[in-house]
$ cat structure-v4.cif   # mmCIF, C-alpha atoms
data_data
loop_
_atom_site.label_atom_id
_atom_site.label_comp_id
_atom_site.auth_asym_id
_atom_site.auth_seq_id
_atom_site.Cartn_x
_atom_site.Cartn_y
_atom_site.Cartn_z
CA MET O 96 -36.83 -3.49 -5.67
CA ASP O 97 -38.19 -3.84 -2.16
CA ARG O 98 -41.60 -2.41 -1.32
CA LYS O 99 -40.26 -1.66 2.17
CA ASN O 100 -37.67 0.85 0.93
CA ILE O 101 -39.79 2.36 -1.83
CA HIS O 102 -39.24 5.87 -0.50
CA ASP O 103 -35.53 5.41 -1.24
CA TRP O 104 -35.89 4.55 -4.92
CA LEU O 105 -39.24 5.95 -6.14
CA ARG O 106 -37.84 9.46 -6.20
CA GLY O 107 -37.46 12.31 -8.65
CA PRO O 108 -38.84 12.43 -12.21
CA VAL O 109 -41.05 9.46 -13.08
CA VAL O 110 -40.56 9.40 -16.82
CA ALA O 111 -43.46 8.40 -19.07
CA VAL O 112 -41.34 6.50 -21.62
CA ALA O 113 -42.49 6.41 -25.25
CA THR O 114 -42.70 3.06 -27.05
CA PRO O 115 -40.90 3.40 -30.41
CA PHE O 116 -42.47 1.91 -33.52
CA LYS O 117 -41.08 1.35 -36.97
CA GLU O 118 -42.85 2.95 -39.93
CA ASP O 119 -44.91 -0.25 -40.32
CA PHE O 120 -46.03 0.22 -36.68
CA SER O 121 -44.15 -2.82 -35.36
CA LEU O 122 -42.16 -2.50 -32.14
CA ASP O 123 -38.70 -0.96 -32.40
CA LEU O 124 -37.06 -2.39 -29.30
CA ALA O 125 -33.57 -1.35 -30.37
CA ALA O 126 -34.70 2.29 -30.47
CA LEU O 127 -36.35 1.87 -27.06
CA GLN O 128 -33.08 0.66 -25.60
CA ASP O 129 -31.11 3.48 -27.21
CA ASN O 130 -33.55 6.01 -25.79
CA ILE O 131 -33.32 4.50 -22.32
CA ARG O 132 -29.54 4.73 -22.45
CA PHE O 133 -29.91 8.37 -23.54
CA MET O 134 -32.03 9.09 -20.48
CA ILE O 135 -29.68 7.27 -18.12
CA GLU O 136 -26.66 9.08 -19.53
CA GLY O 137 -28.62 12.32 -19.04
CA GLY O 138 -28.95 11.61 -15.33
CA VAL O 139 -32.10 9.51 -14.90
CA THR O 140 -30.65 7.04 -12.40
CA THR O 141 -31.69 5.53 -9.09
CA GLY O 142 -32.47 8.32 -6.64
CA ASP O 143 -32.82 10.81 -9.49
CA GLY O 144 -35.65 9.20 -11.40
CA VAL O 145 -37.65 6.17 -12.46
CA LEU O 146 -38.63 4.95 -15.93
CA LEU O 147 -42.31 4.08 -16.38
CA VAL O 148 -42.50 1.97 -19.55
CA GLY O 149 -45.48 0.54 -21.37
CA ALA O 150 -47.89 2.99 -19.72
CA ALA O 151 -50.03 5.78 -21.19
CA GLY O 152 -46.98 7.65 -22.50
CA GLY O 153 -45.92 4.35 -24.05
CA GLU O 154 -49.29 3.85 -25.79
CA PHE O 155 -50.13 0.76 -23.75
CA PRO O 156 -53.75 0.51 -25.04
CA SER O 157 -52.32 -0.13 -28.52
CA LEU O 158 -49.94 -2.87 -27.31
CA ASN O 159 -50.93 -6.51 -26.98
CA PRO O 160 -49.80 -8.42 -23.85
CA GLU O 161 -46.81 -10.04 -25.55
CA GLU O 162 -45.61 -6.66 -26.77
CA ARG O 163 -45.96 -5.25 -23.27
CA LYS O 164 -43.80 -8.08 -21.93
CA ALA O 165 -41.25 -7.45 -24.67
CA VAL O 166 -41.11 -3.78 -23.64
CA MET O 167 -40.44 -4.83 -20.03
CA ASP O 168 -37.66 -7.18 -21.09
CA ALA O 169 -35.95 -4.70 -23.40
CA SER O 170 -36.19 -1.90 -20.85
CA LEU O 171 -34.70 -3.94 -18.04
CA GLU O 172 -31.86 -5.06 -20.28
CA ALA O 173 -31.10 -1.48 -21.33
CA ALA O 174 -31.33 -0.11 -17.79
CA GLN O 175 -28.59 -2.45 -16.53
CA GLY O 176 -29.79 -1.92 -12.96
CA GLN O 177 -28.93 1.79 -13.07
CA VAL O 178 -32.52 3.03 -12.80
CA PRO O 179 -35.75 1.41 -11.56
CA ILE O 180 -38.11 0.21 -14.27
CA MET O 181 -41.84 0.40 -13.64
CA THR O 182 -44.65 -0.59 -15.98
CA SER O 183 -48.40 -0.47 -16.41
CA ILE O 184 -50.45 -3.64 -15.98
CA GLN O 185 -53.79 -2.00 -16.76
CA HIS O 186 -56.23 -3.84 -18.98
CA THR O 187 -59.94 -4.58 -19.23
CA ASP O 188 -59.47 -8.34 -18.64
CA PHE O 189 -58.45 -9.27 -15.09
CA ARG O 190 -56.71 -12.40 -16.41
CA VAL O 191 -54.39 -10.25 -18.52
CA ILE O 192 -53.75 -7.99 -15.53
CA LEU O 193 -52.74 -10.98 -13.41
CA ASP O 194 -50.55 -12.34 -16.20
CA LEU O 195 -48.77 -9.00 -16.60
CA ALA O 196 -48.40 -8.62 -12.83
CA ASN O 197 -46.80 -12.03 -12.49
CA TYR O 198 -44.55 -11.46 -15.46
CA ALA O 199 -43.42 -8.08 -14.10
CA GLU O 200 -42.57 -9.71 -10.79
CA GLU O 201 -40.77 -12.59 -12.47
CA VAL O 202 -38.48 -10.43 -14.61
CA GLY O 203 -37.69 -7.88 -11.91
CA VAL O 204 -39.83 -4.84 -12.66
CA ALA O 205 -39.68 -2.54 -9.63
CA ALA O 206 -43.40 -1.79 -9.46
CA ALA O 207 -46.55 -1.99 -11.54
CA GLN O 208 -49.04 0.79 -12.13
CA LEU O 209 -52.71 -0.18 -11.77
CA GLY O 210 -55.89 1.86 -11.85
CA GLN O 211 -59.57 1.16 -12.16
CA LEU O 212 -60.74 -0.74 -15.23
CA TYR O 213 -61.64 1.41 -18.19
CA TYR O 214 -64.71 1.38 -20.45
CA TYR O 215 -67.10 0.08 -17.77
CA PRO O 216 -67.43 2.42 -14.76
CA SER O 217 -66.18 1.10 -11.42
CA THR O 218 -67.51 1.53 -7.91
CA GLU O 219 -65.06 1.89 -5.04
CA ARG O 220 -65.88 -1.71 -4.12
CA ASP O 221 -64.85 -2.77 -7.64
CA ILE O 222 -61.55 -0.89 -7.38
CA TYR O 223 -60.68 -2.42 -4.03
CA ASN O 224 -61.60 -5.90 -5.28
CA LEU O 225 -59.29 -5.50 -8.28
CA PHE O 226 -56.27 -4.52 -6.17
CA LYS O 227 -56.98 -7.24 -3.64
CA LEU O 228 -57.25 -9.81 -6.45
CA VAL O 229 -53.89 -8.79 -7.91
CA SER O 230 -52.26 -8.76 -4.48
CA ASP O 231 -53.60 -12.23 -3.73
CA HIS O 232 -52.00 -13.63 -6.90
CA SER O 233 -48.79 -11.62 -7.25
CA SER O 234 -46.22 -10.04 -4.96
CA VAL O 235 -45.30 -7.28 -7.41
CA THR O 236 -45.33 -3.83 -5.79
CA LEU O 237 -48.36 -1.85 -6.93
CA MET O 238 -48.74 1.87 -7.60
CA VAL O 239 -52.33 3.08 -7.38
CA TYR O 240 -53.09 5.16 -10.45
CA HIS O 241 -55.72 7.74 -9.52
CA THR O 242 -57.56 8.92 -12.64
CA PRO O 243 -60.44 11.23 -11.65
CA TRP O 244 -60.92 12.14 -15.32
CA ASP O 245 -62.30 8.61 -15.75
CA GLY O 246 -65.27 9.43 -13.57
CA ILE O 247 -64.36 8.57 -9.98
CA HIS O 248 -62.41 10.50 -7.36
CA MET O 249 -61.13 7.95 -4.84
CA SER O 250 -62.32 8.70 -1.34
CA ARG O 251 -60.10 8.81 1.72
CA GLN O 252 -61.80 5.61 2.91
CA LEU O 253 -60.91 3.78 -0.31
CA LEU O 254 -57.31 4.99 -0.20
CA ASP O 255 -57.07 3.80 3.42
CA ARG O 256 -58.24 0.36 2.31
CA LEU O 257 -55.96 0.24 -0.72
CA THR O 258 -52.85 1.25 1.22
CA SER O 259 -53.61 -1.47 3.77
CA ILE O 260 -53.02 -4.06 1.02
CA PRO O 261 -49.46 -5.34 1.63
CA THR O 262 -48.25 -4.96 -1.95
CA VAL O 263 -49.47 -1.38 -2.47
CA GLY O 264 -46.44 0.88 -2.20
CA ALA O 265 -47.28 4.11 -4.04
CA ILE O 266 -50.06 6.41 -5.19
CA LYS O 267 -49.82 8.32 -8.45
CA TRP O 268 -51.97 11.21 -7.36
CA ALA O 269 -53.99 13.83 -9.20
CA SER O 270 -56.83 16.04 -8.06
CA ALA O 271 -58.16 19.35 -9.37
CA ASP O 272 -59.33 20.10 -5.83
CA MET O 273 -56.24 21.70 -4.34
CA ALA O 274 -57.28 21.04 -0.75
CA LEU O 275 -57.74 17.33 -1.52
CA PHE O 276 -54.51 17.30 -3.49
CA ARG O 277 -52.62 18.65 -0.46
CA ASP O 278 -54.44 16.71 2.24
CA THR O 279 -54.07 13.34 0.51
CA ILE O 280 -50.34 13.75 -0.04
CA MET O 281 -49.85 14.78 3.57
CA ALA O 282 -52.00 11.93 4.86
CA PHE O 283 -50.25 9.12 2.98
CA LYS O 284 -46.70 10.38 2.36
CA ASP O 285 -45.20 8.27 5.15
CA THR O 286 -47.23 5.14 4.38
CA VAL O 287 -46.56 4.98 0.64
CA ALA O 288 -44.55 6.91 -1.95
CA MET O 289 -46.66 9.78 -3.28
CA VAL O 290 -46.15 10.68 -6.95
CA ASP O 291 -47.44 14.02 -8.24
CA ASN O 292 -49.39 13.57 -11.48
CA GLU O 293 -50.94 17.05 -11.41
CA GLY O 294 -47.81 19.01 -12.34
CA HIS O 295 -47.61 20.93 -9.07
CA HIS O 296 -43.91 20.22 -8.63
CA VAL O 297 -43.16 22.78 -5.93
CA LEU O 298 -46.36 22.46 -3.94
CA SER O 299 -46.41 18.66 -4.02
CA HIS O 300 -42.82 18.51 -2.79
CA MET O 301 -43.65 20.91 0.04
CA TYR O 302 -46.57 18.65 1.02
CA GLY O 303 -44.39 15.53 1.09
CA SER O 304 -44.40 14.03 -2.39
CA ARG O 305 -40.93 12.96 -3.51
CA ALA O 306 -41.62 12.17 -7.17
CA PHE O 307 -43.41 13.75 -10.12
CA VAL O 308 -44.53 12.43 -13.50
CA THR O 309 -42.88 13.98 -16.55
CA HIS O 310 -42.57 13.54 -20.30
CA LEU O 311 -39.63 15.91 -20.54
CA SER O 312 -36.88 13.49 -19.56
CA GLY O 313 -37.61 11.56 -22.74
CA PHE O 314 -35.99 14.32 -24.78
CA TRP O 315 -34.24 16.56 -22.22
CA PRO O 316 -33.36 14.51 -19.11
CA GLN O 317 -31.16 17.19 -17.57
CA TYR O 318 -34.07 19.64 -17.21
CA PRO O 319 -36.38 17.64 -14.87
CA ARG O 320 -33.33 16.48 -12.91
CA LYS O 321 -32.40 20.14 -12.35
CA ILE O 322 -35.91 20.82 -11.04
CA TRP O 323 -35.71 17.74 -8.82
CA ARG O 324 -32.36 18.76 -7.36
CA GLN O 325 -33.67 22.27 -6.65
CA LEU O 326 -36.72 20.82 -4.89
CA GLU O 327 -34.62 18.49 -2.77
CA ALA O 328 -32.38 21.40 -1.78
CA GLY O 329 -35.42 23.40 -0.71
CA LYS O 330 -34.72 26.00 -3.41
CA TYR O 331 -38.37 26.43 -4.27
CA ASP O 332 -37.99 29.89 -5.81
CA ASP O 333 -35.28 28.57 -8.12
CA ALA O 334 -37.45 25.59 -9.10
CA HIS O 335 -40.32 27.95 -9.83
CA LEU O 336 -38.12 29.99 -12.17
CA THR O 337 -36.81 26.84 -13.88
CA LEU O 338 -40.37 25.68 -14.50
CA ALA O 339 -41.32 29.08 -15.87
CA ALA O 340 -38.41 29.03 -18.30
CA PHE O 341 -39.75 26.04 -20.26
CA LYS O 342 -42.27 23.70 -18.62
CA TRP O 343 -45.26 26.03 -18.74
CA LYS O 344 -44.59 27.00 -22.36
CA TRP O 345 -44.27 23.31 -23.23
CA SER O 346 -47.61 22.62 -21.53
CA ALA O 347 -49.28 25.34 -23.60
CA TRP O 348 -47.90 23.74 -26.79
CA VAL O 349 -49.15 20.29 -25.69
CA GLU O 350 -52.65 21.74 -25.24
CA GLN O 351 -52.59 22.67 -28.92
CA ALA O 352 -51.06 19.36 -30.01
CA VAL O 353 -53.82 17.22 -28.46
CA LYS O 354 -56.41 19.20 -30.42
CA HIS O 355 -54.78 17.84 -33.59
CA THR O 356 -54.58 14.20 -32.47
CA GLU O 357 -55.20 12.65 -29.08
CA GLY O 358 -53.07 10.47 -26.82
CA GLU O 359 -49.67 11.08 -25.29
CA GLY O 360 -47.63 9.27 -27.93
CA PRO O 361 -47.91 11.91 -30.70
CA PHE O 362 -46.59 14.88 -28.72
CA ILE O 363 -43.92 12.92 -26.83
CA LYS O 364 -42.63 11.39 -30.05
CA ALA O 365 -42.67 14.74 -31.86
CA ALA O 366 -40.43 16.19 -29.14
CA MET O 367 -38.07 13.21 -29.19
CA GLU O 368 -37.73 13.34 -32.99
CA ALA O 369 -37.14 17.11 -32.79
CA VAL O 370 -33.96 16.52 -30.77
CA GLY O 371 -32.78 13.68 -33.02
CA LEU O 372 -33.98 10.54 -31.25
CA LYS O 373 -35.50 7.61 -33.12
CA VAL O 374 -39.03 6.85 -31.99
CA GLY O 375 -41.26 6.52 -35.04
CA PRO O 376 -44.97 7.26 -35.44
CA PRO O 377 -47.83 6.69 -33.00
CA ARG O 378 -50.08 3.79 -33.82
CA PRO O 379 -53.33 4.56 -35.68
CA PRO O 380 -55.80 6.09 -35.44
CA TYR O 381 -53.44 8.69 -33.92
CA THR O 382 -51.04 10.50 -36.22
CA ARG O 383 -47.92 12.57 -36.35
CA LEU O 384 -48.48 16.27 -35.73
CA SER O 385 -49.03 18.97 -38.35
CA SER O 386 -46.14 20.84 -39.92
CA GLN O 387 -47.23 24.03 -38.13
CA LEU O 388 -47.21 22.36 -34.71
CA LEU O 389 -43.78 20.90 -35.43
CA ALA O 390 -42.48 24.31 -36.48
CA ASP O 391 -43.86 25.83 -33.28
CA LEU O 392 -42.14 23.07 -31.30
CA ARG O 393 -38.80 23.70 -32.98
CA ASN O 394 -39.08 27.41 -32.18
CA LEU O 395 -39.92 26.61 -28.56
CA PHE O 396 -36.92 24.31 -28.28
CA ARG O 397 -34.61 26.83 -29.91
CA GLU O 398 -35.68 29.60 -27.53
CA ALA O 399 -35.29 27.32 -24.49
CA GLY O 400 -31.94 25.93 -25.59
CA VAL O 401 -33.09 22.30 -25.68
CA PRO O 402 -30.01 20.34 -26.79
CA ARG O 403 -30.03 18.04 -29.80
CA VAL O 404 -28.64 14.54 -29.61
#

$ encode --input "structure-v4.cif" --output "structure tokens"
Amino acid sequence: MDRKNIHDWLRGPVVAVATPFKEDFSLDLAALQDNIRFMIEGGVTTGDGVLLVGAAGGEFPSLNPEERKAVMDASLEAAQGQVPIMTSIQHTDFRVILDLANYAEEVGVAAAQLGQLYYYPSTERDIYNLFKLVSDHSSVTLMVYHTPWDGIHMSRQLLDRLTSIPTVGAIKWASADMALFRDTIMAFKDTVAMVDNEGHHVLSHMYGSRAFVTHLSGFWPQYPRKIWRQLEAGKYDDAHLTLAAFKWKWSAWVEQAVKHTEGEGPFIKAAMEAVGLKVGPPRPPYTRLSSQLLADLRNLFREAGVPRV
């Protein structure tokens, strides 16, 4: 999809899509495609959502580059052009990043998520150099992934430089500083597509963001779409009530789940299996959740009326 009309298609719930594995931990691409069709049939389509595959929710650090390409291919095939497919190209080796960027562009991925390198700390100069390097070698649209929990809060000056790179089309934004959260969205909303990764659905929409990251569409696609439609209609009080009915209780459960085992895969997959989807285990060292956590999840779903497949 065209970087120039990114505000038209990078809209609504940006779904962190789980990568299904078989019990032997090999890829289950058939299950991935079934789950993508489930989300599309539940309303995650162009204008009402985007699928972000092979990213943190898809356990990308546990995938090798060929598996990440296979996830792109299978996702694009399943989507049938009905919803934009985005992916992560993050890695610690710039050569792998360039390879993934070029592959994403070649096969038709709408945009690629990229943040600072992990393990070694990065200066702002390092971050700019990475994005400039990728842009010089690939025309794939880039989404800046801002991860202050990794030790650096991107300055306004860095974001100005990054958004001046021709291929940068979006910022996936998070900040615990509410003034910075607001001011950054308002400053860049017309230049690039701003994606809320802080969970402030109502506030971020009021400030000018037109997309928000969610795990919920993976098992209940109608719920985030309802929130999105309420936001777009300016029904902020209704959206607030919808969030209170389930999202905040879900977040409290997730806080307990990540004390048992880390990563996003375990809790996303537990929720998907609870509604009857096939997704398999997370890859080691991460594990399926405890029986008590799963029982608590089933009770939460029952009280909220989460539908089974």

$ residues_around --input "structure-v4.cif" --residues "Val370 in chain O" --least-positions-apart "6" --cutoff "10 Å" --atoms "only C-alpha atoms" --output "PyMOL selection string"
chain O and resi 314-315+393+396+401-404

$ residues_around --input "structure-v4.cif" --residues "Leu193 in chain O" --least-positions-apart "6" --cutoff "12 Å" --atoms "all atoms listed in the file" --output "PyMOL selection string"
chain O and resi 160+183-187+199-200+207+209+225-235

$ residues_around --input "structure-v4.cif" --residues "range 105-117 of chain O" --least-positions-apart "2" --cutoff "8 Å" --atoms "only C-alpha atoms" --output "compact mmCIF listing (two decimals) with C-alpha atoms, in the frame of the given file"
# COMPACT_ATOMS: atom_id res chain seq x y z
CA ILE O 101 -39.79 2.36 -1.83
CA HIS O 102 -39.24 5.87 -0.50
CA ASP O 103 -35.53 5.41 -1.24
CA ASP O 119 -44.91 -0.25 -40.32
CA PHE O 120 -46.03 0.22 -36.68
CA SER O 121 -44.15 -2.82 -35.36
CA LEU O 122 -42.16 -2.50 -32.14
CA ASP O 123 -38.70 -0.96 -32.40
CA LEU O 124 -37.06 -2.39 -29.30
CA ALA O 126 -34.70 2.29 -30.47
CA LEU O 127 -36.35 1.87 -27.06
CA VAL O 139 -32.10 9.51 -14.90
CA THR O 141 -31.69 5.53 -9.09
CA GLY O 142 -32.47 8.32 -6.64
CA ASP O 143 -32.82 10.81 -9.49
CA GLY O 144 -35.65 9.20 -11.40
CA VAL O 145 -37.65 6.17 -12.46
CA LEU O 146 -38.63 4.95 -15.93
CA LEU O 147 -42.31 4.08 -16.38
CA VAL O 148 -42.50 1.97 -19.55
CA GLY O 149 -45.48 0.54 -21.37
CA ALA O 150 -47.89 2.99 -19.72
CA ALA O 151 -50.03 5.78 -21.19
CA GLY O 152 -46.98 7.65 -22.50
CA GLY O 153 -45.92 4.35 -24.05
CA GLU O 154 -49.29 3.85 -25.79
CA VAL O 166 -41.11 -3.78 -23.64
CA PRO O 179 -35.75 1.41 -11.56
CA ALA O 288 -44.55 6.91 -1.95
CA ARG O 305 -40.93 12.96 -3.51
CA ALA O 306 -41.62 12.17 -7.17
CA PHE O 307 -43.41 13.75 -10.12
CA VAL O 308 -44.53 12.43 -13.50
CA THR O 309 -42.88 13.98 -16.55
CA HIS O 310 -42.57 13.54 -20.30
CA LEU O 311 -39.63 15.91 -20.54
CA SER O 312 -36.88 13.49 -19.56
CA GLY O 313 -37.61 11.56 -22.74
CA PRO O 319 -36.38 17.64 -14.87
CA ARG O 320 -33.33 16.48 -12.91
CA TRP O 323 -35.71 17.74 -8.82
CA GLY O 360 -47.63 9.27 -27.93
CA ILE O 363 -43.92 12.92 -26.83
CA LYS O 364 -42.63 11.39 -30.05
CA LYS O 373 -35.50 7.61 -33.12
CA VAL O 374 -39.03 6.85 -31.99
CA GLY O 375 -41.26 6.52 -35.04
CA PRO O 376 -44.97 7.26 -35.44
CA PRO O 377 -47.83 6.69 -33.00
CA ARG O 378 -50.08 3.79 -33.82

$ atom_distance --input "structure-v4.cif" --atom1 "CA of Tyr318 in chain O" --atom2 "CA of Gly303 in chain O"
21.4 Å

$ atom_distance --input "structure-v4.cif" --atom1 "CA of Ala173 in chain O" --atom2 "CA of Phe133 in chain O"
10.2 Å

$ resolve_selection --input "structure-v4.cif" --expression "the PyMOL selection byres ((chain O and resi 345) around 12)" --output "PyMOL selection string"
chain O and resi 309-311+338-344+346-352+362-363+366+388+391-396+398-399+401

$ atom_distance --input "structure-v4.cif" --atom1 "CA of Tyr198 in chain O" --atom2 "CA of Pro156 in chain O"
17.9 Å

$ closest_residue --input "structure-v4.cif" --among "O:Val204, O:Ala125, O:Ala196, O:Leu389" --to "Ala169 in chain O" --atoms "all atoms listed in the file"
O:Ala125

$ axis_aligned_box --input "structure-v4.cif" --around "range 128-146 of chain O" --padding-each-side "5 Å" --output "AutoDock Vina command-line options"
--center_x -32.6 --center_y 6.5 --center_z -16.9 --size_x 22.0 --size_y 21.7 --size_z 30.6

$ closest_residue --input "structure-v4.cif" --among "O:Gly371, O:Thr382, O:Leu254, O:Thr337" --to "Asp129 in chain O" --atoms "only C-alpha atoms"
O:Gly371

$ closest_residue --input "structure-v4.cif" --among "O:Met167, O:Met238, O:Ile247, O:Ile180" --to "Leu212 in chain O" --atoms "only C-alpha atoms"
O:Ile247

$ resolve_selection --input "structure-v4.cif" --expression "the PyMOL selection byres ((chain O and resi 220) around 12)" --output "PyMOL selection string"
chain O and resi 211+216-219+221-227+247+249-250+252-254+256-257

$ closest_residue --input "structure-v4.cif" --among "O:Ser157, O:Thr236, O:Gln325, O:Asn292" --to "Pro380 in chain O" --atoms "all atoms listed in the file"
O:Ser157

$ closest_residue --input "structure-v4.cif" --among "O:Lys164, O:Arg98, O:Arg277, O:His355" --to "Leu237 in chain O" --atoms "only C-alpha atoms"
O:Arg98

$ resolve_selection --input "structure-v4.cif" --expression "the PyMOL selection byres ((chain O and resi 268) around 9)" --output "list of chain:residue names"
O:Val239, O:Tyr240, O:His241, O:Thr242, O:Ile266, O:Lys267, O:Ala269, O:Ser270, O:Phe276, O:Thr279, O:Ile280, O:Met289, O:Val290, O:Asp291, O:Asn292, O:Glu293

$ closest_residue --input "structure-v4.cif" --among "O:Ile260, O:Ala265, O:Val297, O:Leu336" --to "Lys284 in chain O" --atoms "all atoms listed in the file"
O:Ala265
